[in-house]
Structure formats: structure tokens, C-alpha cells
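This is target_19.cif (mmCIF, N, CA and C atoms and all ligand atoms).
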```
data_data
#
loop_
_atom_site.group_PDB
_atom_site.id
_atom_site.type_symbol
_atom_site.label_atom_id
_atom_site.label_comp_id
_atom_site.auth_asym_id
_atom_site.auth_seq_id
_atom_site.Cartn_x
_atom_site.Cartn_y
_atom_site.Cartn_z
ATOM 1 N N MET A 1 0.828 -1.215 0.000
ATOM 2 C CA MET A 1 0.000 0.000 0.000
ATOM 3 C C MET A 1 0.863 1.266 0.000
ATOM 4 N N LYS A 2 1.867 1.246 0.861
ATOM 5 C CA LYS A 2 2.721 2.444 0.935
ATOM 6 C C LYS A 2 3.431 2.695 -0.394
ATOM 7 N N ILE A 3 3.893 1.587 -0.972
ATOM 8 C CA ILE A 3 4.640 1.717 -2.225
ATOM 9 C C ILE A 3 3.739 2.295 -3.317
ATOM 10 N N SER A 4 2.480 1.808 -3.388
ATOM 11 C CA SER A 4 1.600 2.304 -4.446
ATOM 12 C C SER A 4 1.262 3.777 -4.228
ATOM 13 N N LYS A 5 1.160 4.194 -2.960
ATOM 14 C CA LYS A 5 0.912 5.619 -2.697
ATOM 15 C C LYS A 5 2.070 6.469 -3.216
ATOM 16 N N VAL A 6 3.271 6.013 -2.922
ATOM 17 C CA VAL A 6 4.469 6.734 -3.379
ATOM 18 C C VAL A 6 4.475 6.790 -4.904
ATOM 19 N N LEU A 7 4.097 5.677 -5.501
ATOM 20 C CA LEU A 7 4.050 5.614 -6.962
ATOM 21 C C LEU A 7 3.061 6.637 -7.519
ATOM 22 N N ILE A 8 1.885 6.669 -6.912
ATOM 23 C CA ILE A 8 0.848 7.598 -7.385
ATOM 24 C C ILE A 8 1.321 9.041 -7.251
ATOM 25 N N ILE A 9 1.931 9.336 -6.093
ATOM 26 C CA ILE A 9 2.433 10.707 -5.889
ATOM 27 C C ILE A 9 3.498 11.029 -6.938
ATOM 28 N N GLY A 10 4.362 10.050 -7.194
ATOM 29 C CA GLY A 10 5.405 10.250 -8.191
ATOM 30 C C GLY A 10 4.823 10.514 -9.570
ATOM 31 N N VAL A 11 3.809 9.735 -9.926
ATOM 32 C CA VAL A 11 3.187 9.903 -11.241
ATOM 33 C C VAL A 11 2.515 11.268 -11.335
ATOM 34 N N VAL A 12 1.794 11.647 -10.258
ATOM 35 C CA VAL A 12 1.115 12.948 -10.259
ATOM 36 C C VAL A 12 2.137 14.070 -10.408
ATOM 37 N N LEU A 13 3.231 13.956 -9.665
ATOM 38 C CA LEU A 13 4.274 14.989 -9.753
ATOM 39 C C LEU A 13 4.850 15.056 -11.163
ATOM 40 N N ALA A 14 5.046 13.885 -11.761
ATOM 41 C CA ALA A 14 5.597 13.844 -13.116
ATOM 42 C C ALA A 14 4.645 14.510 -14.100
ATOM 43 N N ILE A 15 3.340 14.241 -13.934
ATOM 44 C CA ILE A 15 2.342 14.851 -14.827
ATOM 45 C C ILE A 15 2.327 16.366 -14.647
ATOM 46 N N VAL A 16 2.352 16.799 -13.371
ATOM 47 C CA VAL A 16 2.355 18.237 -13.101
ATOM 48 C C VAL A 16 3.593 18.885 -13.713
ATOM 49 N N ALA A 17 4.736 18.238 -13.523
ATOM 50 C CA ALA A 17 5.986 18.772 -14.076
ATOM 51 C C ALA A 17 5.901 18.853 -15.598
ATOM 52 N N TYR A 18 5.305 17.827 -16.191
ATOM 53 C CA TYR A 18 5.154 17.787 -17.649
ATOM 54 C C TYR A 18 4.350 18.991 -18.138
ATOM 55 N N PHE A 19 3.239 19.266 -17.439
ATOM 56 C CA PHE A 19 2.397 20.369 -17.883
ATOM 57 C C PHE A 19 3.048 21.726 -17.611
ATOM 58 N N VAL A 20 3.784 21.803 -16.506
ATOM 59 C CA VAL A 20 4.476 23.063 -16.205
ATOM 60 C C VAL A 20 5.501 23.356 -17.294
ATOM 61 N N VAL A 21 6.282 22.327 -17.640
ATOM 62 C CA VAL A 21 7.319 22.505 -18.668
ATOM 63 C C VAL A 21 6.672 22.851 -20.005
ATOM 64 N N ASN A 22 5.625 22.104 -20.369
ATOM 65 C CA ASN A 22 4.953 22.357 -21.643
ATOM 66 C C ASN A 22 4.255 23.709 -21.650
ATOM 67 N N GLY A 23 3.709 24.080 -20.489
ATOM 68 C CA GLY A 23 3.049 25.382 -20.389
ATOM 69 C C GLY A 23 4.028 26.513 -20.658
ATOM 70 N N MET A 24 5.237 26.364 -20.132
ATOM 71 C CA MET A 24 6.244 27.399 -20.362
ATOM 72 C C MET A 24 6.629 27.434 -21.830
ATOM 73 N N LYS A 25 6.737 26.229 -22.423
ATOM 74 C CA LYS A 25 7.108 26.155 -23.832
ATOM 75 C C LYS A 25 6.047 26.809 -24.717
ATOM 76 N N SER A 26 4.760 26.434 -24.467
ATOM 77 C CA SER A 26 3.710 26.968 -25.326
ATOM 78 C C SER A 26 3.526 28.458 -25.061
ATOM 79 N N GLY A 27 3.901 28.888 -23.850
ATOM 80 C CA GLY A 27 3.807 30.314 -23.557
ATOM 81 C C GLY A 27 4.689 31.141 -24.457
ATOM 82 N N SER A 28 5.843 30.567 -24.822
ATOM 83 C CA SER A 28 6.766 31.328 -25.660
ATOM 84 C C SER A 28 6.626 30.933 -27.131
ATOM 85 N N ALA A 29 5.689 30.012 -27.415
ATOM 86 C CA ALA A 29 5.590 29.467 -28.767
ATOM 87 C C ALA A 29 5.072 30.450 -29.828
ATOM 88 N N PRO A 30 4.056 31.268 -29.508
ATOM 89 C CA PRO A 30 3.468 32.083 -30.582
ATOM 90 C C PRO A 30 4.486 32.805 -31.459
ATOM 91 N N ASP A 31 5.494 33.402 -30.847
ATOM 92 C CA ASP A 31 6.501 34.070 -31.663
ATOM 93 C C ASP A 31 7.504 33.069 -32.227
ATOM 94 N N GLY A 32 7.926 32.119 -31.378
ATOM 95 C CA GLY A 32 8.933 31.156 -31.795
ATOM 96 C C GLY A 32 8.433 30.234 -32.896
ATOM 97 N N ALA A 33 7.109 29.977 -32.917
ATOM 98 C CA ALA A 33 6.552 29.023 -33.871
ATOM 99 C C ALA A 33 6.529 29.573 -35.291
ATOM 100 N N LYS A 34 6.568 30.868 -35.424
ATOM 101 C CA LYS A 34 6.550 31.466 -36.756
ATOM 102 C C LYS A 34 7.931 31.308 -37.383
ATOM 103 N N GLN A 35 8.065 30.194 -38.094
ATOM 104 C CA GLN A 35 9.352 29.859 -38.675
ATOM 105 C C GLN A 35 9.584 30.654 -39.952
ATOM 106 N N GLY A 36 10.813 30.569 -40.433
ATOM 107 C CA GLY A 36 11.169 31.312 -41.636
ATOM 108 C C GLY A 36 10.260 31.015 -42.814
ATOM 109 N N TRP A 37 9.976 29.713 -43.012
ATOM 110 C CA TRP A 37 9.148 29.355 -44.161
ATOM 111 C C TRP A 37 7.747 29.899 -44.020
ATOM 112 N N PHE A 38 7.268 29.968 -42.778
ATOM 113 C CA PHE A 38 5.909 30.465 -42.550
ATOM 114 C C PHE A 38 5.846 31.958 -42.882
ATOM 115 N N THR A 39 6.834 32.693 -42.398
ATOM 116 C CA THR A 39 6.889 34.129 -42.660
ATOM 117 C C THR A 39 6.977 34.401 -44.154
ATOM 118 N N LYS A 40 7.766 33.560 -44.832
ATOM 119 C CA LYS A 40 7.948 33.708 -46.283
ATOM 120 C C LYS A 40 6.631 33.445 -47.009
ATOM 121 N N LEU A 41 5.909 32.442 -46.487
ATOM 122 C CA LEU A 41 4.667 32.015 -47.129
ATOM 123 C C LEU A 41 3.536 33.004 -46.866
ATOM 124 N N ASP A 42 3.547 33.608 -45.675
ATOM 125 C CA ASP A 42 2.489 34.531 -45.272
ATOM 126 C C ASP A 42 2.733 35.884 -45.937
ATOM 127 N N ALA A 43 2.372 35.944 -47.217
ATOM 128 C CA ALA A 43 2.748 37.087 -48.049
ATOM 129 C C ALA A 43 2.212 38.411 -47.504
ATOM 130 N N ASN A 44 0.991 38.421 -46.982
ATOM 131 C CA ASN A 44 0.436 39.687 -46.500
ATOM 132 C C ASN A 44 0.685 39.912 -45.013
ATOM 133 N N GLY A 45 1.405 38.969 -44.374
ATOM 134 C CA GLY A 45 1.852 39.165 -43.004
ATOM 135 C C GLY A 45 0.763 39.211 -41.950
ATOM 136 N N ASP A 46 -0.406 38.570 -42.218
ATOM 137 C CA ASP A 46 -1.467 38.593 -41.216
ATOM 138 C C ASP A 46 -1.372 37.427 -40.242
ATOM 139 N N GLY A 47 -0.316 36.627 -40.349
ATOM 140 C CA GLY A 47 -0.115 35.519 -39.416
ATOM 141 C C GLY A 47 -0.931 34.290 -39.766
ATOM 142 N N LYS A 48 -1.664 34.319 -40.872
ATOM 143 C CA LYS A 48 -2.442 33.166 -41.317
ATOM 144 C C LYS A 48 -2.083 32.862 -42.758
ATOM 145 N N LEU A 49 -2.382 31.614 -43.150
ATOM 146 C CA LEU A 49 -2.096 31.243 -44.525
ATOM 147 C C LEU A 49 -3.404 31.097 -45.293
ATOM 148 N N SER A 50 -3.583 31.906 -46.286
ATOM 149 C CA SER A 50 -4.781 31.841 -47.117
ATOM 150 C C SER A 50 -4.581 30.789 -48.204
ATOM 151 N N PRO A 51 -5.675 30.344 -48.840
ATOM 152 C CA PRO A 51 -5.536 29.378 -49.937
ATOM 153 C C PRO A 51 -4.588 29.886 -51.015
ATOM 154 N N ASP A 52 -4.650 31.188 -51.296
ATOM 155 C CA ASP A 52 -3.759 31.766 -52.304
ATOM 156 C C ASP A 52 -2.297 31.622 -51.897
ATOM 157 N N GLU A 53 -2.027 31.854 -50.618
ATOM 158 C CA GLU A 53 -0.656 31.771 -50.139
ATOM 159 C C GLU A 53 -0.165 30.322 -50.151
ATOM 160 N N LEU A 54 -1.090 29.394 -49.868
ATOM 161 C CA LEU A 54 -0.714 27.974 -49.882
ATOM 162 C C LEU A 54 -0.337 27.500 -51.276
ATOM 163 N N LYS A 55 -0.882 28.175 -52.293
ATOM 164 C CA LYS A 55 -0.577 27.785 -53.678
ATOM 165 C C LYS A 55 0.909 27.874 -53.973
ATOM 166 N N ALA A 56 1.610 28.721 -53.201
ATOM 167 C CA ALA A 56 3.051 28.859 -53.399
ATOM 168 C C ALA A 56 3.768 27.542 -53.121
ATOM 169 N N ILE A 57 3.222 26.721 -52.205
ATOM 170 C CA ILE A 57 3.819 25.411 -51.922
ATOM 171 C C ILE A 57 3.227 24.332 -52.807
ATOM 172 N N ASP A 58 1.927 24.472 -53.098
ATOM 173 C CA ASP A 58 1.187 23.422 -53.804
ATOM 174 C C ASP A 58 1.533 23.442 -55.282
ATOM 175 N N THR A 59 2.703 22.893 -55.591
ATOM 176 C CA THR A 59 3.224 23.022 -56.952
ATOM 177 C C THR A 59 2.431 22.211 -57.971
ATOM 178 N N ASN A 60 1.788 21.111 -57.566
ATOM 179 C CA ASN A 60 0.997 20.343 -58.541
ATOM 180 C C ASN A 60 -0.476 20.751 -58.542
ATOM 181 N N GLY A 61 -0.816 21.730 -57.692
ATOM 182 C CA GLY A 61 -2.138 22.336 -57.754
ATOM 183 C C GLY A 61 -3.298 21.439 -57.361
ATOM 184 N N ASP A 62 -3.055 20.412 -56.542
ATOM 185 C CA ASP A 62 -4.160 19.532 -56.145
ATOM 186 C C ASP A 62 -4.844 20.014 -54.870
ATOM 187 N N GLY A 63 -4.447 21.174 -54.378
ATOM 188 C CA GLY A 63 -5.147 21.770 -53.234
ATOM 189 C C GLY A 63 -4.654 21.303 -51.882
ATOM 190 N N LYS A 64 -3.653 20.436 -51.865
ATOM 191 C CA LYS A 64 -3.075 20.012 -50.599
ATOM 192 C C LYS A 64 -1.565 19.927 -50.738
ATOM 193 N N ILE A 65 -0.903 19.955 -49.593
ATOM 194 C CA ILE A 65 0.551 19.977 -49.593
ATOM 195 C C ILE A 65 1.076 18.591 -49.268
ATOM 196 N N SER A 66 1.808 18.011 -50.193
ATOM 197 C CA SER A 66 2.412 16.702 -49.933
ATOM 198 C C SER A 66 3.742 16.896 -49.216
ATOM 199 N N ALA A 67 4.274 15.790 -48.698
ATOM 200 C CA ALA A 67 5.559 15.848 -47.995
ATOM 201 C C ALA A 67 6.647 16.377 -48.921
ATOM 202 N N GLU A 68 6.588 15.964 -50.201
ATOM 203 C CA GLU A 68 7.594 16.410 -51.168
ATOM 204 C C GLU A 68 7.494 17.910 -51.409
ATOM 205 N N GLU A 69 6.256 18.395 -51.546
ATOM 206 C CA GLU A 69 6.062 19.826 -51.780
ATOM 207 C C GLU A 69 6.544 20.644 -50.583
ATOM 208 N N ALA A 70 6.244 20.135 -49.389
ATOM 209 C CA ALA A 70 6.670 20.831 -48.175
ATOM 210 C C ALA A 70 8.193 20.873 -48.099
ATOM 211 N N LYS A 71 8.813 19.751 -48.413
ATOM 212 C CA LYS A 71 10.263 19.643 -48.363
ATOM 213 C C LYS A 71 10.895 20.606 -49.370
ATOM 214 N N ALA A 72 10.314 20.647 -50.576
ATOM 215 C CA ALA A 72 10.841 21.511 -51.622
ATOM 216 C C ALA A 72 10.766 22.974 -51.219
ATOM 217 N N TYR A 73 9.787 23.294 -50.350
ATOM 218 C CA TYR A 73 9.630 24.681 -49.926
ATOM 219 C C TYR A 73 10.483 24.990 -48.697
ATOM 220 N N GLY A 74 11.116 23.966 -48.125
ATOM 221 C CA GLY A 74 11.990 24.172 -46.980
ATOM 222 C C GLY A 74 11.300 24.000 -45.640
ATOM 223 N N ILE A 75 10.140 23.332 -45.639
ATOM 224 C CA ILE A 75 9.453 23.057 -44.382
ATOM 225 C C ILE A 75 10.051 21.796 -43.770
ATOM 226 N N PRO A 76 10.594 21.909 -42.555
ATOM 227 C CA PRO A 76 11.215 20.732 -41.930
ATOM 228 C C PRO A 76 10.203 19.601 -41.750
ATOM 229 N N GLU A 77 10.692 18.364 -41.822
ATOM 230 C CA GLU A 77 9.823 17.200 -41.733
ATOM 231 C C GLU A 77 9.017 17.202 -40.437
ATOM 232 N N GLY A 78 9.662 17.622 -39.348
ATOM 233 C CA GLY A 78 8.970 17.651 -38.060
ATOM 234 C C GLY A 78 7.766 18.573 -38.095
ATOM 235 N N HIS A 79 7.889 19.712 -38.797
ATOM 236 C CA HIS A 79 6.766 20.647 -38.913
ATOM 237 C C HIS A 79 5.658 20.039 -39.762
ATOM 238 N N PHE A 80 6.076 19.365 -40.826
ATOM 239 C CA PHE A 80 5.087 18.752 -41.712
ATOM 240 C C PHE A 80 4.244 17.744 -40.941
ATOM 241 N N ASN A 81 4.922 16.892 -40.165
ATOM 242 C CA ASN A 81 4.209 15.869 -39.409
ATOM 243 C C ASN A 81 3.264 16.493 -38.394
ATOM 244 N N LYS A 82 3.676 17.622 -37.809
ATOM 245 C CA LYS A 82 2.823 18.310 -36.845
ATOM 246 C C LYS A 82 1.595 18.887 -37.545
ATOM 247 N N LEU A 83 1.827 19.432 -38.733
ATOM 248 C CA LEU A 83 0.735 20.087 -39.456
ATOM 249 C C LEU A 83 -0.256 19.071 -40.010
ATOM 250 N N ASP A 84 0.257 17.894 -40.365
ATOM 251 C CA ASP A 84 -0.608 16.856 -40.923
ATOM 252 C C ASP A 84 -1.358 16.180 -39.781
ATOM 253 N N VAL A 85 -2.396 16.861 -39.299
ATOM 254 C CA VAL A 85 -3.092 16.453 -38.083
ATOM 255 C C VAL A 85 -3.674 15.042 -38.208
ATOM 256 N N ASN A 86 -4.269 14.726 -39.360
ATOM 257 C CA ASN A 86 -4.909 13.410 -39.490
ATOM 258 C C ASN A 86 -3.951 12.351 -40.054
ATOM 259 N N GLY A 87 -2.695 12.748 -40.279
ATOM 260 C CA GLY A 87 -1.667 11.776 -40.640
ATOM 261 C C GLY A 87 -1.843 11.101 -41.999
ATOM 262 N N ASP A 88 -2.543 11.761 -42.945
ATOM 263 C CA ASP A 88 -2.753 11.130 -44.248
ATOM 264 C C ASP A 88 -1.634 11.458 -45.237
ATOM 265 N N GLY A 89 -0.623 12.181 -44.776
ATOM 266 C CA GLY A 89 0.510 12.487 -45.638
ATOM 267 C C GLY A 89 0.355 13.762 -46.440
ATOM 268 N N PHE A 90 -0.750 14.477 -46.207
ATOM 269 C CA PHE A 90 -0.975 15.749 -46.888
ATOM 270 C C PHE A 90 -1.424 16.808 -45.889
ATOM 271 N N ILE A 91 -1.004 18.046 -46.134
ATOM 272 C CA ILE A 91 -1.512 19.155 -45.336
ATOM 273 C C ILE A 91 -2.581 19.862 -46.155
ATOM 274 N N THR A 92 -3.752 19.950 -45.590
ATOM 275 C CA THR A 92 -4.847 20.655 -46.252
ATOM 276 C C THR A 92 -4.960 22.073 -45.682
ATOM 277 N N GLN A 93 -5.783 22.869 -46.328
ATOM 278 C CA GLN A 93 -6.028 24.233 -45.856
ATOM 279 C C GLN A 93 -6.520 24.217 -44.408
ATOM 280 N N ASP A 94 -7.422 23.296 -44.080
ATOM 281 C CA ASP A 94 -7.953 23.202 -42.723
ATOM 282 C C ASP A 94 -6.867 22.908 -41.713
ATOM 283 N N GLU A 95 -5.945 22.027 -42.093
ATOM 284 C CA GLU A 95 -4.884 21.666 -41.169
ATOM 285 C C GLU A 95 -3.915 22.837 -40.977
ATOM 286 N N MET A 96 -3.717 23.628 -42.005
ATOM 287 C CA MET A 96 -2.877 24.801 -41.898
ATOM 288 C C MET A 96 -3.452 25.808 -40.913
ATOM 289 N N LYS A 97 -4.776 25.870 -40.873
ATOM 290 C CA LYS A 97 -5.449 26.813 -39.961
ATOM 291 C C LYS A 97 -5.056 26.569 -38.524
ATOM 292 N N THR A 98 -4.903 25.283 -38.160
ATOM 293 C CA THR A 98 -4.567 24.979 -36.772
ATOM 294 C C THR A 98 -3.190 25.511 -36.425
ATOM 295 N N TYR A 99 -2.371 25.710 -37.405
ATOM 296 C CA TYR A 99 -1.027 26.219 -37.160
ATOM 297 C C TYR A 99 -0.982 27.738 -37.254
ATOM 298 N N GLY A 100 -1.624 28.266 -38.267
ATOM 299 C CA GLY A 100 -1.559 29.711 -38.494
ATOM 300 C C GLY A 100 -2.483 30.482 -37.574
ATOM 301 N N GLY A 101 -3.403 29.785 -36.921
ATOM 302 C CA GLY A 101 -4.318 30.442 -35.990
ATOM 303 C C GLY A 101 -5.361 31.227 -36.733
HETATM 304 CA CA CA B 201 -0.098 19.438 -53.891
HETATM 305 CA CA CA B 202 -3.697 15.725 -43.512
#
```
Rewrite the structure from the file as C-alpha cells, please.
Ligand SMILES: [Ca+2]
Ligand SMILES: [Ca+2]
Amino acid sequence: MKISKVLIIGVVLAIVAYFVVNGMKSGSAPDGAKQGWFTKLDANGDGKLSPDELKAIDTNGDGKISAEEAKAYGIPEGHFNKLDVNGDGFITQDEMKTYGG
């Protein structure tokens, strides 16, 4: 019983620490998250990506961004995977919204 209590306290502390660390990270994210490629892509500088602006990456014009298109534009793979919320290998306009706010 004592051991499991200690375990629970340890787990709770770990979870709290996790959220504290992540909270600090996300607190500084809004400015840090605007990467070079995003700034370059956001032609009118409103902090969001419009369908017109996305066309700059969408070289084959199918309305979504493939991993190859993202790579060609200089978007790091880690960003692509984050943006591809449903994991189908393409970034759609809707998925971009979650990033551009
Ligand atoms: Ca495309
Ligand atoms: Ca997707």
C-alpha cells in the first residue's frame, strides 16, 4: 500500500511537471513558432495562410501539400508531421489553420 501511494504521488508529480514545462514552452511558442518558411509564405503578413498563399507550396495544384512539396519549400519534416493532423501524408487548408491560428 505504501509503495503504491508513493508511486501515485510520483506519477502525479511527473504529470504536473510535464504540464508546467509544456506550459512554459507553449507560452513562448506564438513568436517562436513562426518559422522562416511560414513568414515567407504569409505574403500579406497577417499571421495566417490563405488558400492563395498555400498555392506557393502546392506546386501540382491539387489543393493540398504533400511531404515532397513541403520539403521543396523548406518546411522541416517535423513541422510537416505536426501540421498533418490526421496523418494522411498531406496538409490541407484546414490543417494549416490549426497552425496559423
Ligand atoms: Ca499538392
Ligand atoms: Ca492531412
Item to check | chain A: residues DSSP assigns to strand (DSSP E or B), reported as a ChimeraX atom specification | outcome: /A:65-66,90-91
Checklist entry - What residues have any atom no more than 7 Å from ligand CA 201 (chain B) when counting only N, CA and C atoms and all ligand atoms, and can you list them as a ChimeraX atom specification? => result /A:57-66,69
Checklist outcome for this item: A straight line from atom CA of A:Thr92 to atom CA of A:Asn22 spans 26.5 Å
Item to check | Answer key for the PyMOL selection byres (((not hetatm)) within 6 of (chain B and resi 202)), residues as a VMD selection string | outcome: chain A and resid 83 to 92
Give me a file of those residues, with N, CA and C atoms, as a compact mmCIF listing (two decimals), keeping the file's coordinate frame.
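Result file result_32.txt:
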```txt
# COMPACT_ATOMS: atom_id res chain seq x y z
N LEU A 83 1.83 19.43 -38.73
CA LEU A 83 0.74 20.09 -39.46
C LEU A 83 -0.26 19.07 -40.01
N ASP A 84 0.26 17.89 -40.36
CA ASP A 84 -0.61 16.86 -40.92
C ASP A 84 -1.36 16.18 -39.78
N VAL A 85 -2.40 16.86 -39.30
CA VAL A 85 -3.09 16.45 -38.08
C VAL A 85 -3.67 15.04 -38.21
N ASN A 86 -4.27 14.73 -39.36
CA ASN A 86 -4.91 13.41 -39.49
C ASN A 86 -3.95 12.35 -40.05
N GLY A 87 -2.70 12.75 -40.28
CA GLY A 87 -1.67 11.78 -40.64
C GLY A 87 -1.84 11.10 -42.00
N ASP A 88 -2.54 11.76 -42.94
CA ASP A 88 -2.75 11.13 -44.25
C ASP A 88 -1.63 11.46 -45.24
N GLY A 89 -0.62 12.18 -44.78
CA GLY A 89 0.51 12.49 -45.64
C GLY A 89 0.36 13.76 -46.44
N PHE A 90 -0.75 14.48 -46.21
CA PHE A 90 -0.98 15.75 -46.89
C PHE A 90 -1.42 16.81 -45.89
N ILE A 91 -1.00 18.05 -46.13
CA ILE A 91 -1.51 19.16 -45.34
C ILE A 91 -2.58 19.86 -46.16
N THR A 92 -3.75 19.95 -45.59
CA THR A 92 -4.85 20.66 -46.25
C THR A 92 -4.96 22.07 -45.68
```
Next on the checklist: Please identify the helix (DSSP H, G or I) residues within stretch 8-101 of chain A (assignment by DSSP from backbone atoms) and present them as a VMD selection string.
Outcome noted: chain A and resid 8 to 27 29 to 32 36 to 41 51 to 54 67 to 73 77 to 83 93 to 100
Next on the checklist: What's the separation between atom CA of A:Ser4 and atom CA of A:Phe19, in Å to one decimal place?
Outcome noted: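 Atom CA of A:Phe19 lies 22.5 Å from atom CA of A:Ser4.
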Item to check | the PyMOL selection byres (((chain A and resi 41) around 8) and not hetatm) resolved against shown file, as number ranges by chain | outcome: A: 35-40, 42-45, 48-50, 52-54, 56-57
Checklist entry - Interatomic distance between atom CA of A:Asp46 and atom CA of A:Pro76? => result 21.9 Å
